[in-house]
Amino acid sequence: MPSLFIAKMISLFNRLSIPLTEEQKLRILEKNIKSDHLPHLAQATYSSVEELESVLCNLEIWTQRAARYREPPARGLLEPALGHRTRKLLTPVSAIRESGTQLEPERRATTYRDPVCWNCGQTGHL
């Protein structure tokens, strides 16, 4: 947790014979923060060690939530069309141009079925 790291660093700062300014403390702490938090830290605003600690604690909470996230199931839903679907990775156009091969689009055989009644599930009437 960032709170433990900052508490240890403050303890080390207090041992110094010449006290550091708040700005110097912040720069030292910023250099030693987990690399996962650095991109998000650039967007945060803080001017004291306490504010930095608060920002880091929030970042840690959201990082843990993101790590625990699982996609909802796509099957067994009341409305499957509204469920979560992962997208297929497409080949970038630049890769196709570099290879110089022309890809033929897939032709699907269209099969039409008789409409099914929404009420009874039978075909032939609506």
# chains A, B, ... in the order shown; residues from 1 in each chain; ligands from 1

$ residues_around --residues "Leu41 (chain A)" --least-positions-apart "5" --cutoff "12 Å" --atoms "only C-alpha atoms" --output "mmCIF file with all heavy atoms, in the first residue's frame"
data_model
loop_
_atom_site.group_PDB
_atom_site.id
_atom_site.type_symbol
_atom_site.label_atom_id
_atom_site.label_comp_id
_atom_site.auth_asym_id
_atom_site.auth_seq_id
_atom_site.Cartn_x
_atom_site.Cartn_y
_atom_site.Cartn_z
ATOM 1 N N LEU A 29 9.632 11.313 -3.567
ATOM 2 C CA LEU A 29 8.553 10.320 -3.555
ATOM 3 C C LEU A 29 8.116 9.969 -4.976
ATOM 4 O O LEU A 29 7.864 8.800 -5.286
ATOM 5 C CB LEU A 29 7.364 10.843 -2.743
ATOM 6 C CG LEU A 29 7.575 10.932 -1.233
ATOM 7 C CD1 LEU A 29 6.429 11.686 -0.586
ATOM 8 C CD2 LEU A 29 7.728 9.549 -0.644
ATOM 9 N N GLU A 30 8.031 10.960 -5.838
ATOM 10 C CA GLU A 30 7.607 10.718 -7.223
ATOM 11 C C GLU A 30 8.584 9.797 -7.952
ATOM 12 O O GLU A 30 8.174 8.979 -8.773
ATOM 13 C CB GLU A 30 7.488 12.038 -7.983
ATOM 14 C CG GLU A 30 6.294 12.853 -7.596
ATOM 15 C CD GLU A 30 6.299 14.245 -8.194
ATOM 16 O OE1 GLU A 30 7.349 14.663 -8.740
ATOM 17 O OE2 GLU A 30 5.268 14.912 -8.119
ATOM 18 N N LYS A 31 9.875 9.921 -7.658
ATOM 19 C CA LYS A 31 10.873 9.082 -8.315
ATOM 20 C C LYS A 31 10.765 7.615 -7.891
ATOM 21 O O LYS A 31 11.251 6.735 -8.587
ATOM 22 C CB LYS A 31 12.281 9.592 -8.010
ATOM 23 C CG LYS A 31 12.622 10.878 -8.703
ATOM 24 C CD LYS A 31 14.030 11.314 -8.348
ATOM 25 C CE LYS A 31 14.339 12.655 -8.972
ATOM 26 N NZ LYS A 31 15.680 13.128 -8.591
ATOM 27 N N ILE A 33 7.827 5.937 -6.945
ATOM 28 C CA ILE A 33 6.462 5.397 -7.007
ATOM 29 C C ILE A 33 6.404 4.268 -8.020
ATOM 30 O O ILE A 33 7.162 4.249 -8.995
ATOM 31 C CB ILE A 33 5.481 6.531 -7.368
ATOM 32 C CG1 ILE A 33 5.383 7.482 -6.183
ATOM 33 C CG2 ILE A 33 4.107 5.995 -7.708
ATOM 34 C CD1 ILE A 33 4.572 8.700 -6.438
ATOM 35 N N LYS A 34 5.497 3.324 -7.804
ATOM 36 C CA LYS A 34 5.328 2.203 -8.726
ATOM 37 C C LYS A 34 5.109 2.715 -10.146
ATOM 38 O O LYS A 34 4.375 3.681 -10.358
ATOM 39 C CB LYS A 34 4.114 1.355 -8.318
ATOM 40 C CG LYS A 34 4.362 0.472 -7.131
ATOM 41 C CD LYS A 34 3.123 -0.217 -6.604
ATOM 42 C CE LYS A 34 2.324 -1.001 -7.580
ATOM 43 N NZ LYS A 34 1.204 -1.719 -6.962
ATOM 44 N N SER A 35 5.717 2.040 -11.102
ATOM 45 C CA SER A 35 5.616 2.486 -12.487
ATOM 46 C C SER A 35 4.188 2.382 -13.022
ATOM 47 O O SER A 35 3.832 3.081 -13.969
ATOM 48 C CB SER A 35 6.566 1.675 -13.364
ATOM 49 O OG SER A 35 6.229 0.305 -13.317
ATOM 50 N N ASP A 36 3.354 1.528 -12.415
ATOM 51 C CA ASP A 36 1.950 1.416 -12.834
ATOM 52 C C ASP A 36 1.178 2.701 -12.568
ATOM 53 O O ASP A 36 0.227 3.025 -13.276
ATOM 54 C CB ASP A 36 1.249 0.267 -12.106
ATOM 55 C CG ASP A 36 1.876 -1.070 -12.403
ATOM 56 O OD1 ASP A 36 2.593 -1.173 -13.420
ATOM 57 O OD2 ASP A 36 1.644 -2.010 -11.628
ATOM 58 N N TYR A 46 -1.589 17.801 -6.862
ATOM 59 C CA TYR A 46 -1.298 17.714 -5.433
ATOM 60 C C TYR A 46 -0.177 18.683 -5.123
ATOM 61 O O TYR A 46 0.651 18.998 -5.982
ATOM 62 C CB TYR A 46 -0.913 16.278 -5.038
ATOM 63 C CG TYR A 46 0.166 15.693 -5.900
ATOM 64 C CD1 TYR A 46 1.502 15.852 -5.567
ATOM 65 C CD2 TYR A 46 -0.145 14.993 -7.054
ATOM 66 C CE1 TYR A 46 2.500 15.340 -6.367
ATOM 67 C CE2 TYR A 46 0.843 14.475 -7.854
ATOM 68 C CZ TYR A 46 2.169 14.646 -7.507
ATOM 69 O OH TYR A 46 3.157 14.138 -8.306
ATOM 70 N N GLU A 51 -1.570 15.067 0.271
ATOM 71 C CA GLU A 51 -2.402 15.010 -0.935
ATOM 72 C C GLU A 51 -1.905 13.928 -1.892
ATOM 73 O O GLU A 51 -2.698 13.215 -2.496
ATOM 74 C CB GLU A 51 -2.412 16.366 -1.640
ATOM 75 C CG GLU A 51 -3.175 17.431 -0.885
ATOM 76 C CD GLU A 51 -3.073 18.804 -1.547
ATOM 77 O OE1 GLU A 51 -2.447 18.905 -2.628
ATOM 78 O OE2 GLU A 51 -3.617 19.761 -0.986
ATOM 79 N N LEU A 52 -0.583 13.792 -2.020
ATOM 80 C CA LEU A 52 -0.008 12.737 -2.853
ATOM 81 C C LEU A 52 -0.400 11.363 -2.316
ATOM 82 O O LEU A 52 -0.759 10.466 -3.082
ATOM 83 C CB LEU A 52 1.517 12.874 -2.909
ATOM 84 C CG LEU A 52 2.263 11.771 -3.643
ATOM 85 C CD1 LEU A 52 1.873 11.738 -5.116
ATOM 86 C CD2 LEU A 52 3.764 11.951 -3.497
ATOM 87 N N GLU A 53 -0.359 11.203 -1.009
ATOM 88 C CA GLU A 53 -0.754 9.928 -0.388
ATOM 89 C C GLU A 53 -2.214 9.607 -0.692
ATOM 90 O O GLU A 53 -2.558 8.468 -1.018
ATOM 91 C CB GLU A 53 -0.526 9.989 1.122
ATOM 92 C CG GLU A 53 -0.872 8.696 1.830
ATOM 93 C CD GLU A 53 -0.589 8.774 3.321
ATOM 94 O OE1 GLU A 53 -0.223 9.854 3.829
ATOM 95 O OE2 GLU A 53 -0.762 7.745 3.976
ATOM 96 N N SER A 54 -3.069 10.594 -0.627
ATOM 97 C CA SER A 54 -4.489 10.395 -0.928
ATOM 98 C C SER A 54 -4.687 9.980 -2.385
ATOM 99 O O SER A 54 -5.444 9.054 -2.680
ATOM 100 C CB SER A 54 -5.251 11.683 -0.633
ATOM 101 O OG SER A 54 -6.587 11.571 -1.040
ATOM 102 N N VAL A 55 -3.984 10.650 -3.294
ATOM 103 C CA VAL A 55 -4.082 10.312 -4.720
ATOM 104 C C VAL A 55 -3.603 8.888 -4.958
ATOM 105 O O VAL A 55 -4.233 8.104 -5.676
ATOM 106 C CB VAL A 55 -3.275 11.324 -5.569
ATOM 107 C CG1 VAL A 55 -3.114 10.844 -6.990
ATOM 108 C CG2 VAL A 55 -3.939 12.685 -5.538
ATOM 109 N N LEU A 56 -2.476 8.519 -4.337
ATOM 110 C CA LEU A 56 -1.926 7.177 -4.528
ATOM 111 C C LEU A 56 -2.835 6.095 -3.948
ATOM 112 O O LEU A 56 -2.964 5.012 -4.530
ATOM 113 C CB LEU A 56 -0.533 7.084 -3.903
ATOM 114 C CG LEU A 56 0.572 7.823 -4.640
ATOM 115 C CD1 LEU A 56 1.863 7.784 -3.856
ATOM 116 C CD2 LEU A 56 0.761 7.233 -6.023
ATOM 117 N N CYS A 57 -3.463 6.372 -2.823
ATOM 118 C CA CYS A 57 -4.396 5.399 -2.245
ATOM 119 C C CYS A 57 -5.586 5.177 -3.174
ATOM 120 O O CYS A 57 -6.023 4.035 -3.372
ATOM 121 C CB CYS A 57 -4.857 5.857 -0.862
ATOM 122 S SG CYS A 57 -3.594 5.670 0.401
ATOM 123 N N ASN A 58 -6.108 6.253 -3.752
ATOM 124 C CA ASN A 58 -7.213 6.111 -4.706
ATOM 125 C C ASN A 58 -6.781 5.331 -5.941
ATOM 126 O O ASN A 58 -7.523 4.481 -6.444
ATOM 127 C CB ASN A 58 -7.758 7.484 -5.110
ATOM 128 C CG ASN A 58 -8.569 8.122 -4.022
ATOM 129 O OD1 ASN A 58 -9.139 7.449 -3.170
ATOM 130 N ND2 ASN A 58 -8.621 9.440 -4.019
ATOM 131 N N LEU A 59 -5.591 5.610 -6.443
ATOM 132 C CA LEU A 59 -5.082 4.869 -7.590
ATOM 133 C C LEU A 59 -4.933 3.383 -7.277
ATOM 134 O O LEU A 59 -5.246 2.529 -8.102
ATOM 135 C CB LEU A 59 -3.736 5.435 -8.035
ATOM 136 C CG LEU A 59 -3.760 6.723 -8.826
ATOM 137 C CD1 LEU A 59 -2.353 7.229 -9.047
ATOM 138 C CD2 LEU A 59 -4.452 6.525 -10.150
ATOM 139 N N GLU A 60 -4.455 3.073 -6.088
ATOM 140 C CA GLU A 60 -4.284 1.675 -5.688
ATOM 141 C C GLU A 60 -5.632 0.961 -5.589
ATOM 142 O O GLU A 60 -5.775 -0.180 -6.029
ATOM 143 C CB GLU A 60 -3.547 1.610 -4.344
ATOM 144 C CG GLU A 60 -3.154 0.226 -3.928
ATOM 145 C CD GLU A 60 -2.038 -0.352 -4.772
ATOM 146 O OE1 GLU A 60 -1.263 0.419 -5.371
ATOM 147 O OE2 GLU A 60 -1.943 -1.583 -4.844
#

$ residues_around --residues "Asp114 (chain A)" --least-positions-apart "4" --cutoff "12 Å" --atoms "only C-alpha atoms" --output "MDAnalysis selection string"
chainID A and resid 121:126

$ closest_residue --among "A:Arg113, A:His40, A:Thr45, A:Glu50" --to "Lys25 (chain A)" --atoms "only C-alpha atoms"
A:Glu50

$ residues_around --residues "Phe5 (chain A)" --least-positions-apart "2" --cutoff "10 Å" --atoms "only C-alpha atoms" --output "VMD selection string"
chain A and resid 1 to 3 7 to 11 29 32 to 33 53

$ atom_distance --atom1 "CA of Ser48 (chain A)" --atom2 "CA of Ile6 (chain A)"
11.9 Å

$ atom_distance --atom1 "CA of Leu26 (chain A)" --atom2 "CA of Trp62 (chain A)"
22.1 Å

$ residues_around --residues "Glu22 (chain A)" --least-positions-apart "5" --cutoff "9 Å" --atoms "only C-alpha atoms" --output "list in words"
Arg27, Ser47, Ser48 and Val49 of chain A

$ write_last_selection --atoms "N, CA, C and O atoms" --output "PDB file, in the first residue's frame"
ATOM      1  N   ARG A  27       9.352  15.405  -4.897  1.00  0.00           N
ATOM      2  CA  ARG A  27      10.171  14.929  -6.018  1.00  0.00           C
ATOM      3  C   ARG A  27      10.798  13.575  -5.699  1.00  0.00           C
ATOM      4  O   ARG A  27      10.858  12.690  -6.542  1.00  0.00           O
ATOM      5  N   SER A  47      -0.147  19.169  -3.898  1.00  0.00           N
ATOM      6  CA  SER A  47       0.896  20.126  -3.524  1.00  0.00           C
ATOM      7  C   SER A  47       1.536  19.785  -2.186  1.00  0.00           C
ATOM      8  O   SER A  47       2.399  20.507  -1.719  1.00  0.00           O
ATOM      9  N   SER A  48       1.109  18.659  -1.584  1.00  0.00           N
ATOM     10  CA  SER A  48       1.717  18.237  -0.325  1.00  0.00           C
ATOM     11  C   SER A  48       1.834  16.716  -0.309  1.00  0.00           C
ATOM     12  O   SER A  48       1.230  16.023  -1.139  1.00  0.00           O
ATOM     13  N   VAL A  49       2.597  16.224   0.639  1.00  0.00           N
ATOM     14  CA  VAL A  49       2.788  14.775   0.764  1.00  0.00           C
ATOM     15  C   VAL A  49       1.462  14.105   1.115  1.00  0.00           C
ATOM     16  O   VAL A  49       1.160  13.018   0.611  1.00  0.00           O
TER      17      VAL A  49
END

$ atom_distance --atom1 "CA of Ala66 (chain A)" --atom2 "CA of Ala44 (chain A)"
18.7 Å
